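Notes follow once the structure below has been shown.
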Amino acid sequence: MTQTNPLDVSIFGDLHEGTLADKMGIEFLEVTPERVAGRMPVEGNTQPYGLLHGGASAVLAETLGSVGAAVHAGPERIAVGIELNATHHRSASSGYVTGVATRLHGGRTLATYDIEITDEQGRRVCTARLTCMLRDR
């Protein structure tokens with residue numbers, strides 16, 4: 001897929017209604033095959049200590065990377081995550097965290113994204129990498 005113009009991100013709200021991304025409060029800010037940006041509230045996604053749960057960061061990372069891979073794959077194919085790793089650098093306790101997934105590789109059968117998650121002060125909270133398998137529907 002060679003599209004470089006951002007898609008109308010409002011369509012992703014409808015597509016994700018009732019999914020884990022919806023339950024986590026993830027909002028899409030930018031969607032292209034090369035880059036996907038979104039944000040998620042810290043509130044409601046915390047561990048008992050009031051800090052952002054590491055699993056919530058992983059959900060944000062996989063959601064953004066999977067959307068990028070799906071857009072890269074095109075409408076006749078699907079993207080399924082096959083490997084995710086995440087390093088948590090610092091905690092967040094309020095506001096929103098923002099994730100940006102940048103495509104590292106976009107092939108016919110695999111797509112890999114680097115995801116950087118930052119807090120509202122621009123400090124890195126988490127770095128993740130996601131690889132998705134692309135397959136026919």
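In the structure tokens, the first chain shown is A, the next is B, and so on; residue numbers restart at 1 for each chain, and ligands run from 1 in the order shown.
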Could you pull out all residues of chain A with a DSSP call of alpha helix (DSSP H) and give them as JSON, numbers by chain?
{"A": [10, 11, 12, 13, 14, 15, 20, 21, 22, 23, 54, 55, 56, 57, 58, 59, 60, 61, 62, 63, 64, 65, 66, 67, 68, 69, 70, 71, 72, 73]}
Considering only C-alpha atoms, return as an MDAnalysis selection string whatever protein or nucleic-acid residues lie within 6 Å of region 54-69 of chain A, sequence-local ones (same chain, fewer than 6 positions apart) excluded.
chainID A and resid 33 36 79 101 111 113 115
Filtered DSSP result for region 10-131 of chain A, state strand (DSSP E), as a PyMOL selection string:
chain A and resi 27-31+35-41+77-88+96-106+110-118+124-131
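The shell of residues at most 8 Å from Leu52 (chain A), with only C-alpha atoms counted and near chain neighbours (fewer than 5 positions) removed, consists of A:Val42, A:Glu43, A:Asn45, A:Thr46, A:Gln47, A:Ser57, A:Ser91, A:Ala92, A:Ser93.
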Separation of CA of Arg135 (chain A) and CA of Lys23 (chain A), in Å?
26.5 Å
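Among the candidates A:Arg35, A:Arg108, A:Glu30, A:Arg123, the one nearest to Gly74 (chain A) when counting only C-alpha atoms is A:Arg108.
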So, counting only C-alpha atoms, which residue among A:Ala70, A:Leu51, A:Val97, A:Ile82 is closest to Arg39 (chain A)?
A:Val97
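Distance annotation: of A:Ser94, A:Thr109, A:Asn85, A:Thr102, the residue with the minimal separation from Gln121 (chain A) is A:Ser94; atom set is only C-alpha atoms.
Among the candidates A:Ile26, A:Leu110, A:Ala21, A:Leu104, the one nearest to Glu83 (chain A) when counting only C-alpha atoms is A:Leu110.
Reported to one decimal place, the separation of CA of Gly95 (chain A) from CA of Thr118 (chain A) is 11.1 Å.
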Determine, counting only C-alpha atoms, which protein, DNA and RNA residues have an atom within 8 Å of an atom of Arg90 (chain A); residues of the same chain fewer than 3 positions away are not included. Present the result as a VMD selection string.
chain A and resid 124 to 126
